[in-house]
$ cat final-v2.cif   # mmCIF, C-alpha atoms
data_input
loop_
_atom_site.group_PDB
_atom_site.id
_atom_site.type_symbol
_atom_site.label_atom_id
_atom_site.label_comp_id
_atom_site.auth_asym_id
_atom_site.auth_seq_id
_atom_site.Cartn_x
_atom_site.Cartn_y
_atom_site.Cartn_z
ATOM 1 C CA MET W 24 0.000 0.000 0.000
ATOM 2 C CA SER W 25 2.805 2.400 0.900
ATOM 3 C CA ARG W 26 4.601 1.626 -2.378
ATOM 4 C CA GLU W 27 1.421 2.362 -4.329
ATOM 5 C CA ARG W 28 0.971 5.696 -2.538
ATOM 6 C CA SER W 29 4.620 6.610 -3.137
ATOM 7 C CA GLY W 30 4.281 5.752 -6.818
ATOM 8 C CA GLU W 31 1.101 7.808 -7.109
ATOM 9 C CA ARG W 32 2.781 10.829 -5.480
ATOM 10 C CA SER W 33 5.727 10.471 -7.862
ATOM 11 C CA ARG W 34 3.389 10.434 -10.859
ATOM 12 C CA GLU W 35 1.539 13.506 -9.556
ATOM 13 C CA ARG W 36 4.820 15.413 -9.113
ATOM 14 C CA PHE W 37 5.896 14.436 -12.626
ATOM 15 C CA ARG W 38 2.582 15.593 -14.106
ATOM 16 C CA ALA W 39 2.791 18.885 -12.211
ATOM 17 C CA ARG W 40 6.354 19.554 -13.381
ATOM 18 C CA PHE W 41 5.549 18.608 -16.952
ATOM 19 C CA ALA W 42 2.537 20.930 -16.859
ATOM 20 C CA VAL W 43 4.799 23.829 -15.819
ATOM 21 C CA PHE W 44 7.227 23.011 -18.646
ATOM 22 C CA ALA W 45 4.395 22.815 -21.172
ATOM 23 C CA GLU W 46 3.013 26.163 -19.997
ATOM 24 C CA CYS W 47 6.479 27.721 -20.402
ATOM 25 C CA LEU W 48 6.601 26.500 -24.014
ATOM 26 C CA LEU W 49 3.109 27.841 -24.698
ATOM 27 C CA VAL W 50 3.800 31.276 -23.252
ATOM 28 C CA GLY W 51 7.049 31.338 -25.227
ATOM 29 C CA VAL W 52 5.028 31.150 -28.436
ATOM 30 C CA TRP W 53 2.803 33.994 -27.198
ATOM 31 C CA ILE W 54 5.883 36.099 -26.420
ATOM 32 C CA GLY W 55 7.405 35.390 -29.844
ATOM 33 C CA VAL W 56 4.256 36.403 -31.685
ATOM 34 C CA ALA W 57 3.798 39.551 -29.581
ATOM 35 C CA ALA W 58 7.463 40.505 -30.107
ATOM 36 C CA LEU W 59 7.359 40.310 -33.915
ATOM 37 C CA PRO W 60 7.499 44.135 -34.245
ATOM 38 C CA LEU W 61 10.756 43.844 -32.189
ATOM 39 C CA VAL W 62 10.135 47.094 -30.284
ATOM 40 C CA THR W 63 7.426 45.241 -28.331
ATOM 41 C CA LEU W 64 9.902 42.635 -27.028
ATOM 42 C CA PRO W 65 10.265 44.071 -23.471
ATOM 43 C CA ALA W 66 6.487 44.381 -23.071
ATOM 44 C CA ALA W 67 5.997 40.830 -24.397
ATOM 45 C CA LEU W 68 8.544 39.480 -21.901
ATOM 46 C CA ALA W 69 6.805 41.324 -19.052
ATOM 47 C CA ALA W 70 3.410 39.943 -20.102
ATOM 48 C CA GLY W 71 4.810 36.407 -20.329
ATOM 49 C CA ALA W 72 6.390 36.703 -16.878
ATOM 50 C CA GLY W 73 3.082 37.917 -15.446
ATOM 51 C CA HIS W 74 1.246 34.958 -16.981
ATOM 52 C CA LEU W 75 3.703 32.413 -15.549
ATOM 53 C CA ARG W 76 3.619 34.127 -12.159
ATOM 54 C CA ARG W 77 -0.175 33.872 -12.014
ATOM 55 C CA TRP W 78 -0.253 30.338 -13.416
ATOM 56 C CA THR W 79 2.231 28.946 -10.891
ATOM 57 C CA GLY W 80 0.322 30.769 -8.143
ATOM 58 C CA ASP W 81 -2.953 29.017 -9.088
ATOM 59 C CA HIS W 82 -4.568 32.275 -10.203
ATOM 60 C CA GLU W 83 -6.929 32.529 -13.139
ATOM 61 C CA THR W 84 -5.019 33.539 -16.264
ATOM 62 C CA GLY W 85 -4.965 33.031 -19.996
ATOM 63 C CA LEU W 86 -4.417 34.705 -23.340
ATOM 64 C CA ARG W 87 -6.759 37.564 -22.441
ATOM 65 C CA SER W 88 -4.758 38.373 -19.311
ATOM 66 C CA PHE W 89 -1.545 38.149 -21.332
ATOM 67 C CA ALA W 90 -2.914 40.656 -23.861
ATOM 68 C CA ALA W 91 -3.986 43.022 -21.065
ATOM 69 C CA ASP W 92 -0.503 42.919 -19.521
ATOM 70 C CA LEU W 93 1.023 43.498 -22.958
ATOM 71 C CA ARG W 94 -1.038 46.672 -23.454
ATOM 72 C CA GLY W 95 -0.239 47.869 -19.942
ATOM 73 C CA ALA W 96 3.496 47.288 -20.384
ATOM 74 C CA LEU W 97 3.483 49.187 -23.674
ATOM 75 C CA ARG W 98 1.624 52.132 -22.123
ATOM 76 C CA GLY W 99 4.105 52.186 -19.222
ATOM 77 C CA GLY W 100 7.058 52.956 -21.492
ATOM 78 C CA GLY W 101 7.574 49.616 -23.221
ATOM 79 C CA TRP W 102 7.822 51.248 -26.642
ATOM 80 C CA ALA W 103 10.711 53.471 -25.581
ATOM 81 C CA VAL W 104 12.539 50.626 -23.817
ATOM 82 C CA GLY W 105 12.220 48.398 -26.871
ATOM 83 C CA THR W 106 13.502 51.130 -29.179
ATOM 84 C CA GLY W 107 16.448 51.904 -26.917
ATOM 85 C CA TYR W 108 17.354 48.227 -26.576
ATOM 86 C CA LEU W 109 17.335 47.650 -30.334
ATOM 87 C CA THR W 110 19.418 50.789 -30.848
ATOM 88 C CA ALA W 111 22.010 49.555 -28.352
ATOM 89 C CA LEU W 112 22.196 46.159 -30.063
ATOM 90 C CA ALA W 113 22.625 47.895 -33.415
ATOM 91 C CA VAL W 114 25.545 49.918 -32.024
ATOM 92 C CA VAL W 115 27.175 46.732 -30.680
ATOM 93 C CA GLY W 116 26.715 45.020 -34.050
ATOM 94 C CA ALA W 117 28.255 47.977 -35.871
ATOM 95 C CA ASP W 118 31.193 47.971 -33.456
ATOM 96 C CA LEU W 119 31.849 44.270 -34.056
ATOM 97 C CA ALA W 120 31.598 44.719 -37.830
ATOM 98 C CA LEU W 121 34.052 47.639 -37.673
ATOM 99 C CA VAL W 122 36.519 45.619 -35.619
ATOM 100 C CA ARG W 123 36.422 42.781 -38.143
ATOM 101 C CA ALA W 124 36.736 45.066 -41.175
ATOM 102 C CA LEU W 125 39.523 47.236 -39.748
ATOM 103 C CA PRO W 126 41.917 45.227 -37.601
ATOM 104 C CA VAL W 127 43.332 47.796 -35.200
ATOM 105 C CA PRO W 128 45.302 47.365 -31.955
ATOM 106 C CA GLY W 129 42.934 46.532 -29.127
ATOM 107 C CA GLY W 130 40.109 45.722 -31.516
ATOM 108 C CA ARG W 131 39.491 42.266 -30.057
ATOM 109 C CA ALA W 132 39.337 43.647 -26.529
ATOM 110 C CA ALA W 133 36.876 46.313 -27.634
ATOM 111 C CA GLY W 134 34.752 43.670 -29.338
ATOM 112 C CA SER W 135 34.768 41.479 -26.225
ATOM 113 C CA LEU W 136 33.725 44.427 -24.068
ATOM 114 C CA ALA W 137 30.922 45.210 -26.506
ATOM 115 C CA VAL W 138 29.629 41.611 -26.304
ATOM 116 C CA LEU W 139 29.779 41.673 -22.494
ATOM 117 C CA GLY W 140 27.926 44.980 -22.489
ATOM 118 C CA ALA W 141 25.215 43.551 -24.724
ATOM 119 C CA LEU W 142 24.833 40.528 -22.406
ATOM 120 C CA TRP W 143 24.598 42.786 -19.341
ATOM 121 C CA LEU W 144 22.001 44.951 -21.094
ATOM 122 C CA THR W 145 19.960 41.883 -22.079
ATOM 123 C CA VAL W 146 20.062 40.374 -18.583
ATOM 124 C CA SER W 147 19.063 43.737 -17.082
ATOM 125 C CA LEU W 148 16.151 44.006 -19.500
ATOM 126 C CA LEU W 149 14.947 40.491 -18.646
ATOM 127 C CA ARG W 150 15.164 41.111 -14.914
ATOM 128 C CA ALA W 151 13.299 44.394 -15.296
ATOM 129 C CA ALA W 152 10.614 42.661 -17.379
ATOM 130 C CA THR W 153 10.012 39.994 -14.734
ATOM 131 C CA ALA W 154 9.820 42.710 -12.049
ATOM 132 C CA TRP W 155 7.191 44.661 -13.989
ATOM 133 C CA ARG W 156 3.679 44.874 -12.537
ATOM 134 C CA PRO W 157 0.577 46.628 -13.927
ATOM 135 C CA GLY W 158 0.815 50.344 -13.248
ATOM 136 C CA ARG W 159 4.609 50.464 -12.835
ATOM 137 C CA ARG W 160 6.893 52.533 -15.068
ATOM 138 C CA TRP W 161 9.845 50.974 -16.854
ATOM 139 C CA ARG W 162 12.172 53.792 -15.902
ATOM 140 C CA ASP W 163 11.705 52.812 -12.241
ATOM 141 C CA LEU W 164 12.662 49.185 -12.979
ATOM 142 C CA LEU W 165 15.669 49.395 -15.289
ATOM 143 C CA GLY W 166 18.134 50.944 -12.828
ATOM 144 C CA PRO W 167 17.562 48.452 -9.981
ATOM 145 C CA ALA W 168 17.537 45.570 -12.488
ATOM 146 C CA ALA W 169 20.915 46.656 -13.896
ATOM 147 C CA ARG W 170 22.366 46.773 -10.375
ATOM 148 C CA ARG W 171 20.959 43.327 -9.538
ATOM 149 C CA ALA W 172 22.531 41.958 -12.717
ATOM 150 C CA LEU W 173 25.953 43.068 -11.435
ATOM 151 C CA ARG W 174 25.495 42.207 -7.752
ATOM 152 C CA ASP W 175 24.043 38.749 -8.419
ATOM 153 C CA PRO W 176 26.485 37.151 -10.897
ATOM 154 C CA ALA W 177 25.209 33.626 -10.219
ATOM 155 C CA GLY W 178 21.641 34.629 -11.067
ATOM 156 C CA SER W 179 22.813 36.524 -14.141
ATOM 157 C CA LEU W 180 24.681 33.416 -15.272
ATOM 158 C CA LEU W 181 21.426 31.461 -14.988
ATOM 159 C CA VAL W 182 19.744 33.978 -17.294
ATOM 160 C CA VAL W 183 22.657 33.752 -19.738
ATOM 161 C CA CYS W 184 22.181 29.964 -19.779
ATOM 162 C CA GLY W 185 18.591 30.607 -20.849
ATOM 163 C CA LEU W 186 19.907 32.757 -23.689
ATOM 164 C CA VAL W 187 22.205 29.896 -24.706
ATOM 165 C CA VAL W 188 19.180 27.565 -24.837
ATOM 166 C CA ILE W 189 17.451 29.969 -27.249
ATOM 167 C CA ALA W 190 20.572 30.247 -29.420
ATOM 168 C CA ALA W 191 20.985 26.464 -29.550
ATOM 169 C CA SER W 192 17.298 25.971 -30.367
ATOM 170 C CA ALA W 193 17.473 28.552 -33.164
ATOM 171 C CA TRP W 194 20.638 26.919 -34.541
ATOM 172 C CA PHE W 195 18.964 23.499 -34.553
ATOM 173 C CA SER W 196 15.647 24.731 -35.925
ATOM 174 C CA THR W 197 14.579 28.381 -36.047
ATOM 175 C CA PRO W 198 10.923 27.804 -34.999
ATOM 176 C CA LEU W 199 12.129 26.162 -31.770
ATOM 177 C CA ALA W 200 13.411 29.539 -30.592
ATOM 178 C CA LEU W 201 9.823 30.707 -29.967
ATOM 179 C CA PRO W 202 8.876 28.188 -27.228
ATOM 180 C CA ALA W 203 12.381 28.522 -25.802
ATOM 181 C CA LEU W 204 11.521 32.146 -24.958
ATOM 182 C CA GLY W 205 9.189 30.798 -22.272
ATOM 183 C CA VAL W 206 12.060 28.796 -20.760
ATOM 184 C CA LEU W 207 14.148 31.982 -20.692
ATOM 185 C CA VAL W 208 11.409 33.910 -18.887
ATOM 186 C CA ALA W 209 10.957 31.058 -16.391
ATOM 187 C CA ALA W 210 14.712 31.063 -15.703
ATOM 188 C CA THR W 211 14.617 34.815 -15.096
ATOM 189 C CA LEU W 212 11.650 34.461 -12.743
ATOM 190 C CA ALA W 213 13.547 31.811 -10.786
ATOM 191 C CA THR W 214 16.543 34.145 -10.622
ATOM 192 C CA GLU W 215 14.452 37.009 -9.253
ATOM 193 C CA ARG W 216 12.851 34.794 -6.616
ATOM 194 C CA ARG W 217 16.257 33.462 -5.659
ATOM 195 C CA ALA W 218 17.585 36.984 -5.184
ATOM 196 C CA ALA W 219 14.544 38.164 -3.225
ATOM 197 C CA VAL W 220 14.906 38.770 0.508
ATOM 198 C CA VAL W 221 13.750 35.763 2.529
ATOM 199 C CA VAL W 222 11.186 36.585 5.221
ATOM 200 C CA GLY W 223 12.942 36.699 8.569
ATOM 201 C CA ASP W 224 16.429 37.230 7.146
ATOM 202 C CA HIS W 225 16.856 40.998 7.360
ATOM 203 C CA PRO W 226 20.224 42.554 6.529
ATOM 204 C CA ALA W 227 21.720 45.258 8.674
ATOM 205 C CA GLY W 228 19.605 48.387 8.882
ATOM 206 C CA THR W 229 16.394 46.876 7.528
ATOM 207 C CA LEU W 230 13.092 46.629 9.358
ATOM 208 C CA PRO W 231 10.899 43.535 9.520
ATOM 209 C CA THR W 232 7.253 43.940 8.604
ATOM 210 C CA ALA W 233 4.140 43.457 10.736
ATOM 211 C CA ALA W 234 3.833 39.933 9.352
ATOM 212 C CA ASP W 235 7.252 39.114 10.777
ATOM 213 C CA PRO W 236 7.236 40.420 14.370
ATOM 214 C CA VAL W 237 9.874 38.019 15.714
ATOM 215 C CA VAL W 238 13.237 37.998 13.981
ATOM 216 C CA ALA W 239 16.069 36.014 15.544
ATOM 217 C CA ASP W 240 19.787 36.492 15.025
ATOM 218 C CA ARG W 241 19.693 39.943 13.481
ATOM 219 C CA SER W 242 22.863 41.497 12.165
ATOM 220 C CA ALA W 243 24.230 44.670 13.686
ATOM 221 C CA GLY W 244 21.864 47.583 13.353
ATOM 222 C CA ALA W 245 18.701 45.581 12.648
ATOM 223 C CA LEU W 246 15.729 46.891 14.631
ATOM 224 C CA PRO W 247 12.970 44.569 15.874
ATOM 225 C CA THR W 248 9.364 45.658 15.666
ATOM 226 C CA LEU W 249 6.525 45.065 18.095
ATOM 227 C CA THR W 250 2.941 43.948 17.745
ATOM 228 C CA SER W 251 0.047 43.617 20.135
ATOM 229 C CA GLY W 252 1.096 40.022 20.720
ATOM 230 C CA GLY W 253 3.960 40.943 23.018
ATOM 231 C CA PRO W 254 7.621 41.922 23.018
ATOM 232 C CA VAL W 255 10.225 40.604 20.680
ATOM 233 C CA VAL W 256 12.308 37.878 22.311
ATOM 234 C CA ALA W 257 15.312 36.934 20.191
ATOM 235 C CA ASP W 258 19.065 36.762 20.176
ATOM 236 C CA ARG W 259 19.952 40.312 19.249
ATOM 237 C CA SER W 260 23.405 41.283 18.126
ATOM 238 C CA ALA W 261 25.111 44.591 18.800
ATOM 239 C CA GLY W 262 22.938 47.561 17.974
ATOM 240 C CA ALA W 263 19.569 45.781 18.128
ATOM 241 C CA LEU W 264 17.061 47.678 20.290
ATOM 242 C CA PRO W 265 14.390 45.784 22.267
ATOM 243 C CA THR W 266 10.959 47.321 22.739
ATOM 244 C CA LEU W 267 8.185 46.793 25.260
ATOM 245 C CA THR W 268 4.436 46.184 24.926
ATOM 246 C CA SER W 269 3.556 49.162 27.089
ATOM 247 C CA GLY W 270 5.456 51.450 24.752
ATOM 248 C CA ALA W 271 8.251 52.244 27.241
ATOM 249 C CA PRO W 272 11.760 51.392 26.041
ATOM 250 C CA VAL W 273 13.860 48.980 28.020
ATOM 251 C CA VAL W 274 17.166 50.600 28.911
ATOM 252 C CA GLY W 275 20.042 48.669 30.415
ATOM 253 C CA ASP W 276 22.095 45.575 29.688
ATOM 254 C CA ARG W 277 20.369 42.496 31.052
ATOM 255 C CA PRO W 278 22.052 39.095 31.009
ATOM 256 C CA PRO W 279 20.300 36.341 29.020
ATOM 257 C CA GLY W 280 17.009 35.309 30.563
ATOM 258 C CA ALA W 281 16.381 38.503 32.558
ATOM 259 C CA LEU W 282 12.927 39.986 31.897
ATOM 260 C CA PRO W 283 11.996 43.642 32.512
ATOM 261 C CA THR W 284 9.330 44.381 35.129
ATOM 262 C CA PRO W 285 8.541 48.071 34.660
ATOM 263 C CA THR W 286 5.915 49.981 36.615
ATOM 264 C CA SER W 287 4.362 53.371 35.958
ATOM 265 C CA ALA W 288 7.065 54.997 38.069
ATOM 266 C CA ASP W 289 9.978 52.835 36.996
ATOM 267 C CA PRO W 290 10.114 52.335 33.227
ATOM 268 C CA VAL W 291 13.879 51.771 33.383
ATOM 269 C CA VAL W 292 15.189 48.449 34.625
ATOM 270 C CA GLY W 293 18.903 48.172 35.368
ATOM 271 C CA ASN W 294 21.175 45.174 35.821
ATOM 272 C CA CYS W 295 19.499 42.283 37.640
ATOM 273 C CA SER W 296 20.630 38.702 37.423
ATOM 274 C CA ALA W 297 18.694 36.105 35.446
ATOM 275 C CA GLY W 298 15.226 35.523 36.903
ATOM 276 C CA ALA W 299 15.505 38.388 39.419
ATOM 277 C CA GLU W 300 13.218 41.403 39.655
ATOM 278 C CA ARG W 301 13.721 44.830 41.211
ATOM 279 C CA VAL W 302 12.003 45.588 44.488
ATOM 280 C CA GLY W 303 10.534 49.060 44.682
ATOM 281 C CA THR W 304 10.084 51.831 42.179
ATOM 282 C CA THR W 305 13.436 53.624 42.392
ATOM 283 C CA ASP W 306 16.517 53.070 40.297
ATOM 284 C CA GLY W 307 18.585 52.103 43.326
ATOM 285 C CA ALA W 308 16.102 49.517 44.674
ATOM 286 C CA PRO W 309 17.619 46.058 45.334
ATOM 287 C CA CYS W 310 16.971 42.970 43.222
ATOM 288 C CA ARG W 311 15.083 39.966 44.544
ATOM 289 C CA ALA W 312 15.303 36.435 43.144
#
$ encode --input "final-v2.cif" --output "structure tokens"
Amino acid sequence: MSRERSGERSRERFRARFAVFAECLLVGVWIGVAALPLVTLPAALAAGAGHLRRWTGDHETGLRSFAADLRGALRGGGWAVGTGYLTALAVVGADLALVRALPVPGGRAAGSLAVLGALWLTVSLLRAATAWRPGRRWRDLLGPAARRALRDPAGSLLVVCGLVVIAASAWFSTPLALPALGVLVAATLATERRAAVVVGDHPAGTLPTAADPVVADRSAGALPTLTSGGPVVADRSAGALPTLTSGAPVVGDRPPGALPTPTSADPVVGNCSAGAERVGTTDGAPCRA
């Protein structure tokens, strides 16, 4: 019985994964058709990413939603982004042709830099397209996407591998490049999710949200927040500030395990040993175990 259940679960996982792959191929065809004018390529990539995001999240989606996202991405500056991207690729192509026609000192290095620049521009465009949402402007997405492409080299390499898949598919058979576009968008979505901040893992200087009131092991400078559920109890590193449910700050270095016991006249609790509380309402009152 257990073997039958395990086999059934394995078949269900395989069907689910194959369904995701098939949807990637389908949306790749949609992207290819929508990007035929070339200047609509960024908007088509953004619409395809939105479709895959909704589909994997079990939200209702389809060709009509894809078309709506395509129109929204074009209205948000997609035309200008597509024109600028094609212009940049044309400049790179002209530079490579010039280097081949006129062999000059340093020409190969200049050509290599031009190819690397084109790859960086393409990865930045893909990451910006997957970060696009209805109502957002492209000019607000391109800068952060370009910085993520440089700061996350492993993720950018994953996107470049998706570009290699498209090139290999086109070399084998040109029509195969269309469904491969969906694989490229899926790889970029995975890269963006991989680079996203994990809930509960806040870098120095960042604030957790109301949905994450308890954050353990914060780096220096991270500030805990407080909800109606009680104070934050966690291992805080240097610079982390505890807060109190009554709104009064806790001032003083307590050893591990010591809990503040403030009153209306004594919001400040000094050094008491673990499990001890202060007797009285003055700062100099003794501690009692």
$ atom_distance --input "final-v2.cif" --atom1 "atom CA of W:Ala154" --atom2 "atom CA of W:Ala168"
8.2 Å
$ resolve_selection --input "final-v2.cif" --expression "the PyMOL selection byres ((chain W and resi 67-78) around 7)" --output "PDB file with C-alpha atoms, keeping the file's coordinate frame"
ATOM      1  CA  VAL W  50       3.800  31.276 -23.252  1.00  0.00           C
ATOM      2  CA  ILE W  54       5.883  36.099 -26.420  1.00  0.00           C
ATOM      3  CA  ALA W  57       3.798  39.551 -29.581  1.00  0.00           C
ATOM      4  CA  ALA W  58       7.463  40.505 -30.107  1.00  0.00           C
ATOM      5  CA  THR W  63       7.426  45.241 -28.331  1.00  0.00           C
ATOM      6  CA  LEU W  64       9.902  42.635 -27.028  1.00  0.00           C
ATOM      7  CA  PRO W  65      10.265  44.071 -23.471  1.00  0.00           C
ATOM      8  CA  ALA W  66       6.487  44.381 -23.071  1.00  0.00           C
ATOM      9  CA  THR W  79       2.231  28.946 -10.891  1.00  0.00           C
ATOM     10  CA  GLY W  80       0.322  30.769  -8.143  1.00  0.00           C
ATOM     11  CA  ASP W  81      -2.953  29.017  -9.088  1.00  0.00           C
ATOM     12  CA  HIS W  82      -4.568  32.275 -10.203  1.00  0.00           C
ATOM     13  CA  GLU W  83      -6.929  32.529 -13.139  1.00  0.00           C
ATOM     14  CA  THR W  84      -5.019  33.539 -16.264  1.00  0.00           C
ATOM     15  CA  PHE W  89      -1.545  38.149 -21.332  1.00  0.00           C
ATOM     16  CA  ASP W  92      -0.503  42.919 -19.521  1.00  0.00           C
ATOM     17  CA  LEU W  93       1.023  43.498 -22.958  1.00  0.00           C
ATOM     18  CA  ALA W  96       3.496  47.288 -20.384  1.00  0.00           C
ATOM     19  CA  ALA W 152      10.614  42.661 -17.379  1.00  0.00           C
ATOM     20  CA  THR W 153      10.012  39.994 -14.734  1.00  0.00           C
ATOM     21  CA  TRP W 155       7.191  44.661 -13.989  1.00  0.00           C
ATOM     22  CA  VAL W 208      11.409  33.910 -18.887  1.00  0.00           C
TER      23      VAL W 208
END
$ atom_distance --input "final-v2.cif" --atom1 "atom CA of W:Ala103" --atom2 "atom CA of W:Trp161"
9.1 Å
$ closest_residue --input "final-v2.cif" --among "W:Gly166, W:Asp118, W:Arg150, W:Ala172" --to "W:Gly130" --atoms "all atoms listed in the file"
W:Asp118
$ resolve_selection --input "final-v2.cif" --expression "the PyMOL selection byres ((chain W and resi 181) around 10)" --output "mmCIF file with C-alpha atoms, keeping the file's coordinate frame"
data_model
loop_
_atom_site.group_PDB
_atom_site.id
_atom_site.type_symbol
_atom_site.label_atom_id
_atom_site.label_comp_id
_atom_site.auth_asym_id
_atom_site.auth_seq_id
_atom_site.Cartn_x
_atom_site.Cartn_y
_atom_site.Cartn_z
ATOM 1 C CA VAL W 146 20.062 40.374 -18.583
ATOM 2 C CA PRO W 176 26.485 37.151 -10.897
ATOM 3 C CA ALA W 177 25.209 33.626 -10.219
ATOM 4 C CA GLY W 178 21.641 34.629 -11.067
ATOM 5 C CA SER W 179 22.813 36.524 -14.141
ATOM 6 C CA LEU W 180 24.681 33.416 -15.272
ATOM 7 C CA VAL W 182 19.744 33.978 -17.294
ATOM 8 C CA VAL W 183 22.657 33.752 -19.738
ATOM 9 C CA CYS W 184 22.181 29.964 -19.779
ATOM 10 C CA GLY W 185 18.591 30.607 -20.849
ATOM 11 C CA LEU W 186 19.907 32.757 -23.689
ATOM 12 C CA VAL W 187 22.205 29.896 -24.706
ATOM 13 C CA LEU W 207 14.148 31.982 -20.692
ATOM 14 C CA ALA W 210 14.712 31.063 -15.703
ATOM 15 C CA THR W 211 14.617 34.815 -15.096
ATOM 16 C CA ALA W 213 13.547 31.811 -10.786
ATOM 17 C CA THR W 214 16.543 34.145 -10.622
#
$ closest_residue --input "final-v2.cif" --among "W:Leu144, W:Leu97, W:Val62, W:Ala90" --to "W:Gly158" --atoms "all atoms listed in the file"
W:Leu97
$ closest_residue --input "final-v2.cif" --among "W:Arg28, W:Leu119, W:Arg36, W:Gly55" --to "W:Leu201" --atoms "all atoms listed in the file"
W:Gly55
$ atom_distance --input "final-v2.cif" --atom1 "atom CA of W:Asp163" --atom2 "atom CA of W:Ala151"
9.1 Å
